[in-house]
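S.K.: Okay, here's the structure, questions in a sec.
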Amino acid sequence: MKNNTYRNFCMLILVCVFVCTSCGWLQRQANTTPAQSEKEQDTTMAQEETPILQSPESEEIEEIEEKTEPEMIGAPDVSEIETLKPEVHTEKEENARQQANQNKQEETASNPQPVVETKPFWQSENTMQYQNLKAVATAAQQAYNDLCVKAGWISKNGKLYAYYAGNYITVDTLVENGYLADGLSAKDYEILLVDGRDVAQYVGAEVPDESKQLCVFAAHRQNDGKYLLATAADKAGSITSVDYTQLLSLYNQNHGTVGRLISTTPDYGRILNFVGLYEGKLEDYFVREIRKDDKYAVITFSNKQNTADIKQYILRNDNNYWEVVFTNLQSIYNPIYSVNRALPDLNLEILPDYNLAAWQPYVVKKDSSLINTMMQRQMIAQESDIYYQCGVKNYFYVVLTNGNRYVAALVDGVWQLIFVESDYAAVELMKQRTGENLGFIVLDD
């Protein structure tokens, strides 16, 4: 009896356990979605087919790489990227490298560098041209400052010109003289020496204040015919080809034939009258010579009281009205440079080929030993028989009241007196004997 009761009790417990277990399994089956079941099945199948296990992190990485691959087309392969290694230098090598860099920087700073490489996308064609123009203008201005006196660099017809060498200055000239780095074509640039105030009067010009004087301009003709301009200070705008031609015409030095004026011509007397008005003196002058073209005249003269006080003036003709525009030329040691800066349109061929400033200390109005020699030789009875006399060192020019003319040369302490027919003959005689033009002591006949 007891055994039957025990068995029944055990069977009841087993039935309850089975029922409870079955209920839990059914509940789980009810909560599982079809998608999840398929995913679990796929995962199970993938795990069964692929023996290599992957972590969730590796799955995410693969997914990212698959998504970003189209955006990285053209990117370099990691295997192609060069690994950079730090360079090892000794102290000696490092010092040499620093010195080389410093020398290169100093060379670059001394020579303006033209912009010849391909321009960046943000730079316009005008910007590139202005940079090159400024480089040319800066180099030319520096060369002019250095060479204007000793090499005679001047403005000729508005362009920078080497007077003694007889040629215009170009980009190639600047490169050859070490003022500009190579890389620009000479035919693309013109180098001017003009007054910035003249340039500023044209439409489109933007002349910096520092350049409103006689200074160097660089010019480049564009395809539209306009000229871009720049100075060492900055860009100077652009002007039309018509205005550019008009600008250069202001500096035209061709004003007719240059020659020596004859004393019998009307202009000779007019020029002397204007000199007298300028000096405020009504007196006679001893004129050595007057050289002129149709616009300018250069007169070399002294008063009659002191023939050694020689002066030189430049006059300009405006509708037959002569005006003194440059005085005391006799004191200028570099007349080519000084006159050109003051009067850049003056033809310098009009200037006499002697430099009075260099000779002035040696000019004397008379020599007592010469006068005594002439009296001893009975060429004159007294000093008043001499109408004109003036000399320098060992040479004199003497004109007597009777019209006779002599060149006096001191040779071994003895005066030789040579009769000449005219002042022209006297100048040529002294030039042959000395190699110098002493025309400033010779009275104009």
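Please note that chains go A, B, ... in the order of the structure tokens, that every chain numbers its residues from 1, and that ligands are numbered from 1 in the order shown.
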Taking 3 positions as the minimum chain separation for residues in the same chain, which residues sit within 12 Å of Gly276 of chain A when counting only C-alpha atoms? Answer as number ranges by chain.
M.R.: A: 269-273, 279-285, 301-303, 313, 322-324
S.K.: Run DSSP on the backbone and tell me which residues of segment 100-344 of chain A come out as strand (DSSP E or B); list them as a ChimeraX atom specification.
M.R.: /A:153-156,159-162,167-168,190-195,205,214-221,227-230,235-239,259-260,285-292,296-303,311-318,321-326
S.K.: Go through segment 214-309 of chain A and flag each residue having an atom no more than 10 Å from segment 389-399 of chain A; for those, report the closest pair of atoms plus their distance in Å to one decimal, using only C-alpha atoms, ordered by chain and rising number, as a Markdown table.
M.R.:
| residue | atom | partner | partner_atom | distance |
| --- | --- | --- | --- | --- |
| A:Asn306 | CA | A:Cys390 | CA | 9.1 |
| A:Thr307 | CA | A:Cys390 | CA | 6.0 |
| A:Ala308 | CA | A:Cys390 | CA | 6.6 |
S.K.: Give the answer as one residue: which of A:Pro335, A:Pro361, A:Gly196, A:Pro352 has the shortest atom-to-atom distance to Leu247 of chain A, using only C-alpha atoms?
M.R.: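 Of all the options, A:Gly196 lies closest to Leu247 of chain A.
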S.K.: With only C-alpha atoms as the atoms that count, which of A:Leu180, A:Val207, A:Leu429, A:Ala358 lies nearest to Ala233 of chain A?
M.R.: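 The shortest atom-to-atom distance to Ala233 of chain A comes from A:Val207.
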S.K.: Could you jot down the atom CA of Ala297 of chain A to atom CA of Tyr337 of chain A separation for me, Å, one decimal place?
M.R.: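 Separation between atom CA of Ala297 of chain A and atom CA of Tyr337 of chain A: 17.7 Å.
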S.K.: I'd like the interatomic distance between atom CA of Leu351 of chain A and atom CA of Ile441 of chain A, to a tenth of an Å.
M.R.: 16.1 Å
